[in-house]
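> The structure file input.pdb (PDB, C-alpha atoms) is provided below.
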```
MODEL        1
ATOM      1  CA  MET A  26     137.792  18.991 119.453
ATOM      2  CA  ARG A  27     141.464  18.142 119.084
ATOM      3  CA  LYS A  28     142.501  21.656 120.017
ATOM      4  CA  ARG A  29     140.442  21.441 123.210
ATOM      5  CA  LEU A  30     142.111  18.112 124.101
ATOM      6  CA  ILE A  31     145.563  19.559 123.559
ATOM      7  CA  THR A  32     144.663  22.595 125.634
ATOM      8  CA  SER A  33     143.281  20.388 128.416
ATOM      9  CA  ALA A  34     146.423  18.287 128.346
ATOM     10  CA  ALA A  35     148.584  21.409 128.405
ATOM     11  CA  TRP A  36     146.622  22.765 131.383
ATOM     12  CA  SER A  37     147.112  19.461 133.183
ATOM     13  CA  VAL A  38     150.882  19.676 132.653
ATOM     14  CA  VAL A  39     151.008  23.303 133.811
ATOM     15  CA  ALA A  40     148.881  22.528 136.887
ATOM     16  CA  ALA A  41     151.069  19.541 137.745
ATOM     17  CA  CYS A  42     154.232  21.648 137.398
ATOM     18  CA  LEU A  43     152.814  24.440 139.554
ATOM     19  CA  GLY A  44     151.612  21.968 142.191
ATOM     20  CA  THR A  45     155.004  20.257 142.299
ATOM     21  CA  ALA A  46     156.801  23.597 142.526
ATOM     22  CA  ALA A  47     154.560  24.681 145.396
ATOM     23  CA  LEU A  48     155.253  21.455 147.315
ATOM     24  CA  VAL A  49     159.012  21.621 146.771
ATOM     25  CA  HIS A  50     159.342  25.246 147.795
ATOM     26  CA  ALA A  51     156.925  25.147 150.746
ATOM     27  CA  ASP A  52     158.525  25.639 154.136
ATOM     28  CA  PRO A  53     157.488  23.412 157.036
ATOM     29  CA  PRO A  54     154.955  25.228 159.257
ATOM     30  CA  ALA A  55     157.153  25.116 162.382
ATOM     31  CA  ALA A  56     160.173  26.654 160.674
ATOM     32  CA  LYS A  57     158.290  29.676 159.324
ATOM     33  CA  PRO A  58     159.059  32.841 161.338
ATOM     34  CA  ALA A  59     156.200  35.187 162.137
ATOM     35  CA  PRO A  60     156.298  38.335 160.048
ATOM     36  CA  THR A  61     157.012  41.499 162.003
ATOM     37  CA  ALA A  62     156.125  43.964 159.295
ATOM     38  CA  PRO A  63     153.817  43.703 156.288
ATOM     39  CA  ALA A  64     155.627  41.956 153.435
ATOM     40  CA  THR A  65     156.059  44.043 150.332
ATOM     41  CA  GLN A  66     157.338  43.057 146.947
ATOM     42  CA  PRO A  67     160.060  45.038 145.250
ATOM     43  CA  ALA A  68     158.787  47.438 142.609
ATOM     44  CA  ASP A  69     160.504  45.525 139.788
ATOM     45  CA  ALA A  70     159.096  42.099 140.765
ATOM     46  CA  ALA A  71     156.448  40.816 138.368
ATOM     47  CA  ALA A  72     153.039  39.777 139.574
ATOM     48  CA  PRO A  73     152.466  36.015 139.579
ATOM     49  CA  LEU A  74     151.483  34.708 136.162
ATOM     50  CA  SER A  75     148.246  32.924 135.538
ATOM     51  CA  PRO A  76     148.568  29.401 134.105
ATOM     52  CA  GLU A  77     147.352  30.680 130.716
ATOM     53  CA  GLN A  78     150.007  33.427 130.642
ATOM     54  CA  MET A  79     152.690  30.951 131.660
ATOM     55  CA  LEU A  80     151.645  28.547 128.883
ATOM     56  CA  ASN A  81     151.636  31.373 126.319
ATOM     57  CA  ASN A  82     155.142  32.386 127.420
ATOM     58  CA  MET A  83     156.383  28.815 127.026
ATOM     59  CA  LEU A  84     154.862  28.489 123.534
ATOM     60  CA  LYS A  85     156.137  31.858 122.288
ATOM     61  CA  PRO A  86     159.213  31.537 120.011
ATOM     62  CA  PRO A  87     162.471  32.905 121.407
ATOM     63  CA  ALA A  88     163.358  36.509 120.580
ATOM     64  CA  GLY A  89     166.440  35.697 118.474
ATOM     65  CA  ALA A  90     164.831  32.813 116.548
ATOM     66  CA  GLY A  91     165.767  34.161 113.120
ATOM     67  CA  LYS A  92     164.622  36.513 110.437
ATOM     68  CA  ALA A  93     162.600  35.750 107.325
ATOM     69  CA  LEU A  94     164.213  36.558 103.982
ATOM     70  CA  ALA A  95     162.803  39.512 102.104
ATOM     71  CA  PRO A  96     160.944  38.681  98.872
ATOM     72  CA  ALA A  97     162.817  39.187  95.611
ATOM     73  CA  LEU A  98     161.961  42.582  94.187
ATOM     74  CA  ASP A  99     164.071  42.400  91.037
ATOM     75  CA  PRO A 100     162.350  42.397  87.626
ATOM     76  CA  PRO A 101     161.689  39.073  85.908
ATOM     77  CA  ALA A 102     164.816  37.483  84.500
ATOM     78  CA  VAL A 103     165.186  36.498  80.868
ATOM     79  CA  ASP A 104     164.573  32.788  80.307
ATOM     80  CA  ARG A 105     167.994  31.344  79.500
ATOM     81  CA  THR A 106     166.576  28.921  76.918
ATOM     82  CA  THR A 107     165.286  31.725  74.664
ATOM     83  CA  GLY A 108     166.935  34.234  72.379
ATOM     84  CA  LYS A 109     170.517  33.328  71.394
ATOM     85  CA  SER A 110     170.456  30.206  73.599
ATOM     86  CA  ALA A 111     167.453  28.707  71.792
ATOM     87  CA  VAL A 112     167.773  25.815  69.358
ATOM     88  CA  ALA A 113     165.400  27.208  66.738
ATOM     89  CA  PRO A 114     166.506  30.299  64.796
ATOM     90  CA  ARG A 115     165.185  33.753  65.701
ATOM     91  CA  VAL A 116     163.352  32.695  68.870
ATOM     92  CA  PRO A 117     162.241  35.862  70.666
ATOM     93  CA  VAL A 118     163.656  36.573  74.103
ATOM     94  CA  ALA A 119     161.094  35.735  76.797
ATOM     95  CA  ASN A 120     160.979  36.529  80.492
ATOM     96  CA  VAL A 121     160.511  33.784  83.035
ATOM     97  CA  ARG A 122     157.121  33.582  84.682
ATOM     98  CA  ARG A 123     157.083  34.946  88.209
ATOM     99  CA  GLU A 124     157.129  32.449  91.052
ATOM    100  CA  GLY A 125     153.701  31.714  92.465
ATOM    101  CA  THR A 126     151.833  32.164  89.183
ATOM    102  CA  PHE A 127     149.726  29.292  87.911
ATOM    103  CA  ILE A 128     149.561  27.502  84.609
ATOM    104  CA  VAL A 129     145.924  26.629  83.987
ATOM    105  CA  ASP A 130     144.876  24.029  81.390
ATOM    106  CA  ALA A 131     147.979  24.447  79.211
ATOM    107  CA  VAL A 132     148.302  21.982  76.329
ATOM    108  CA  GLY A 133     151.633  20.425  75.438
ATOM    109  CA  ARG A 134     153.860  17.374  75.442
ATOM    110  CA  LEU A 135     156.196  15.638  77.855
ATOM    111  CA  THR A 136     159.793  15.994  76.617
ATOM    112  CA  ARG A 137     163.329  15.696  78.018
ATOM    113  CA  ASN A 138     165.970  18.416  78.147
ATOM    114  CA  ALA A 139     169.065  18.240  75.903
ATOM    115  CA  ASP A 140     171.011  15.863  78.166
ATOM    116  CA  GLY A 141     167.924  13.815  79.101
ATOM    117  CA  SER A 142     168.239  14.454  82.836
ATOM    118  CA  GLN A 143     165.053  16.498  83.394
ATOM    119  CA  ALA A 144     161.464  16.159  82.265
ATOM    120  CA  GLU A 145     160.063  19.243  80.587
ATOM    121  CA  PHE A 146     156.622  20.357  79.511
ATOM    122  CA  THR A 147     156.800  21.734  75.977
ATOM    123  CA  PHE A 148     153.852  23.971  75.230
ATOM    124  CA  ASP A 149     151.955  23.480  71.990
ATOM    125  CA  ALA A 150     152.573  26.493  69.775
ATOM    126  CA  ASP A 151     150.589  27.846  66.906
ATOM    127  CA  GLY A 152     153.631  27.566  64.616
ATOM    128  CA  LYS A 153     154.154  31.318  64.491
ATOM    129  CA  ASN A 154     155.097  32.810  67.830
ATOM    130  CA  LEU A 155     156.978  30.187  69.922
ATOM    131  CA  LYS A 156     156.633  32.492  72.928
ATOM    132  CA  ASP A 157     156.486  29.856  75.659
ATOM    133  CA  PRO A 158     159.817  28.111  76.291
ATOM    134  CA  PRO A 159     159.710  24.599  77.787
ATOM    135  CA  ILE A 160     159.246  24.490  81.532
ATOM    136  CA  VAL A 161     160.973  21.929  83.782
ATOM    137  CA  ILE A 162     158.572  19.593  85.615
ATOM    138  CA  LEU A 163     159.340  19.088  89.289
ATOM    139  CA  PRO A 164     159.263  15.392  90.223
ATOM    140  CA  ASN A 165     155.983  14.262  91.789
ATOM    141  CA  LEU A 166     153.281  11.621  91.270
ATOM    142  CA  LYS A 167     151.705  13.559  88.382
ATOM    143  CA  LEU A 168     154.994  13.384  86.454
ATOM    144  CA  MET A 169     155.129   9.646  87.157
ATOM    145  CA  GLN A 170     151.604   9.283  85.740
ATOM    146  CA  MET A 171     152.579  11.240  82.616
ATOM    147  CA  GLU A 172     155.669   9.067  82.056
ATOM    148  CA  GLY A 173     153.587   5.920  82.574
ATOM    149  CA  ALA A 174     150.971   7.088  80.069
ATOM    150  CA  VAL A 175     153.624   7.868  77.427
ATOM    151  CA  SER A 176     155.463   4.558  77.889
ATOM    152  CA  GLY A 177     152.177   2.634  77.853
ATOM    153  CA  ALA A 178     150.986   4.309  74.662
ATOM    154  CA  ASN A 179     154.271   3.966  72.722
ATOM    155  CA  ARG A 180     153.570   7.278  71.009
ATOM    156  CA  ASP A 181     153.692  10.981  71.673
ATOM    157  CA  LEU A 182     150.757  12.114  73.827
ATOM    158  CA  ARG A 183     149.372  15.575  74.381
ATOM    159  CA  PHE A 184     148.468  16.618  77.919
ATOM    160  CA  ARG A 185     146.384  19.368  79.475
ATOM    161  CA  VAL A 186     148.131  20.416  82.704
ATOM    162  CA  SER A 187     147.697  22.866  85.574
ATOM    163  CA  GLY A 188     150.193  23.684  88.285
ATOM    164  CA  MET A 189     152.158  26.275  90.235
ATOM    165  CA  VAL A 190     155.238  27.899  88.704
ATOM    166  CA  THR A 191     158.538  28.462  90.512
ATOM    167  CA  GLU A 192     161.652  30.164  89.199
ATOM    168  CA  TYR A 193     165.311  29.428  89.797
ATOM    169  CA  ARG A 194     168.418  30.786  88.027
ATOM    170  CA  GLY A 195     166.733  31.903  84.837
ATOM    171  CA  ARG A 196     164.453  28.878  84.396
ATOM    172  CA  ASN A 197     160.869  28.116  85.261
ATOM    173  CA  TYR A 198     159.735  24.953  86.995
ATOM    174  CA  VAL A 199     156.197  23.682  87.473
ATOM    175  CA  LEU A 200     154.724  21.602  90.275
ATOM    176  CA  LEU A 201     151.893  19.793  88.526
ATOM    177  CA  GLU A 202     148.534  19.600  90.267
ATOM    178  CA  LYS A 203     146.325  18.342  87.415
ATOM    179  CA  VAL A 204     147.211  16.255  84.365
ATOM    180  CA  VAL A 205     144.771  15.029  81.712
ATOM    181  CA  VAL A 206     145.640  13.055  78.580
ATOM    182  CA  ILE A 207     143.952  14.604  75.559
ATOM    183  CA  PRO A 208     142.043  11.824  73.729
ATOM    184  CA  ASP A 209     143.131  10.718  70.241
ATOM    185  CA  ILE A 210     139.953  12.016  68.578
ATOM    186  CA  VAL A 211     140.658  15.560  69.753
ATOM    187  CA  GLN A 212     144.335  15.222  68.779
ATOM    188  CA  GLN A 213     143.417  14.344  65.175
ATOM    189  CA  PHE A 214     141.335  17.492  64.683
ATOM    190  CA  ASN A 215     143.608  19.908  66.564
ATOM    191  CA  PRO A 216     147.126  19.578  65.132
TER     192      PRO A 216
ENDMDL
END
```
Translate this file's structure into structure tokens.


Amino acid sequence: MRKRLITSAAWSVVAACLGTAALVHADPPAAKPAPTAPATQPADAAAPLSPEQMLNNMLKPPAGAGKALAPALDPPAVDRTTGKSAVAPRVPVANVRREGTFIVDAVGRLTRNADGSQAEFTFDADGKNLKDPPIVILPNLKLMQMEGAVSGANRDLRFRVSGMVTEYRGRNYVLLEKVVVIPDIVQQFNP
């Protein structure tokens, strides 16, 4: 419905412009000389455009509008918080997750990075592998809800989160889409 209204409005504008142009460029009837030979258009002159064609031409982006960047084709980078840069000893080197992948129902805790400037999601590990390095949480309302839940509980909470992963300079970031606090009863039985 809205598209039809916009199209009708656009047609009204085009019709008004064409009508105004016709009135401005019209010669008075007395001043018009009688043609002596049939009028012909030059071969390179374009045929008059229909209102729809004219509107499409006006809405088409200009030819030199810009060029989209090519997607990154390089292999996944090594996460800069793993390997020799990790705090714990003998942490295996891990690659960053590719941008556009999703974390689905991952369990972990809300933590802060070493200088306290960024919120991170630290994955729960089984105590053996430590394969998932912490991932930086991009600021949004879900992060605000997590921080509110932790400050309101005055204890460490576990969360089940889902979101889209991005990557930037050897680190992964997550834009949270779903956050659920894991109840205390489940936390007691699943250390």

> Any idea what the distance is between CA of Pro208 in chain A and CA of Thr136 in chain A?

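For CA of Pro208 in chain A relative to CA of Thr136 in chain A, the distance reads 18.5 Å.
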
> Mind telling me what the PyMOL selection byres ((chain A and resi 165) around 12) catches here, as a PyMOL selection string?

chain A and resi 144+162-164+166-172+188+199-204

> Could you expand the PyMOL selection byres ((chain A and resi 125-135) around 6) into the explicit residues it covers here, written as a ChimeraX atom specification?

/A:124,136,145-149,183-190

> Could you work out how far CA of Ser176 in chain A lies from CA of Ile207 in chain A, giving the answer in Å with one decimal?

15.5 Å

> When you draw a straight line from CA of Leu94 in chain A to CA of Arg122 in chain A, how long is it in Å?

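Those two atoms sit 20.8 Å apart.
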
> Skip Arg123 in chain A itself and residues of its chain fewer than 6 positions away, then list as a CSV table (one decimal) with C-alpha atoms, in the coordinates of the input all residues within 9 Å of it, counting all atoms listed in the file.


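After the write, out_11.csv holds the following:
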```
chain,number,residue,atom,x,y,z
A,101,PRO,CA,161.7,39.1,85.9
A,102,ALA,CA,164.8,37.5,84.5
A,190,VAL,CA,155.2,27.9,88.7
A,191,THR,CA,158.5,28.5,90.5
A,192,GLU,CA,161.7,30.2,89.2
A,197,ASN,CA,160.9,28.1,85.3
```

> For Val205 in chain A, which residue out of A:Tyr193, A:Gly141, A:Pro86, A:Leu182 is the nearest one, using all atoms listed in the file?

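That would be A:Leu182, the residue with the smallest distance to Val205 in chain A.
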
> Pick the closest to Asn120 in chain A from A:Leu80, A:Asp209, A:Lys156, A:Asp140: which is it, counting only C-alpha atoms?

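Of the candidates, the smallest distance to Asn120 in chain A is held by A:Lys156.
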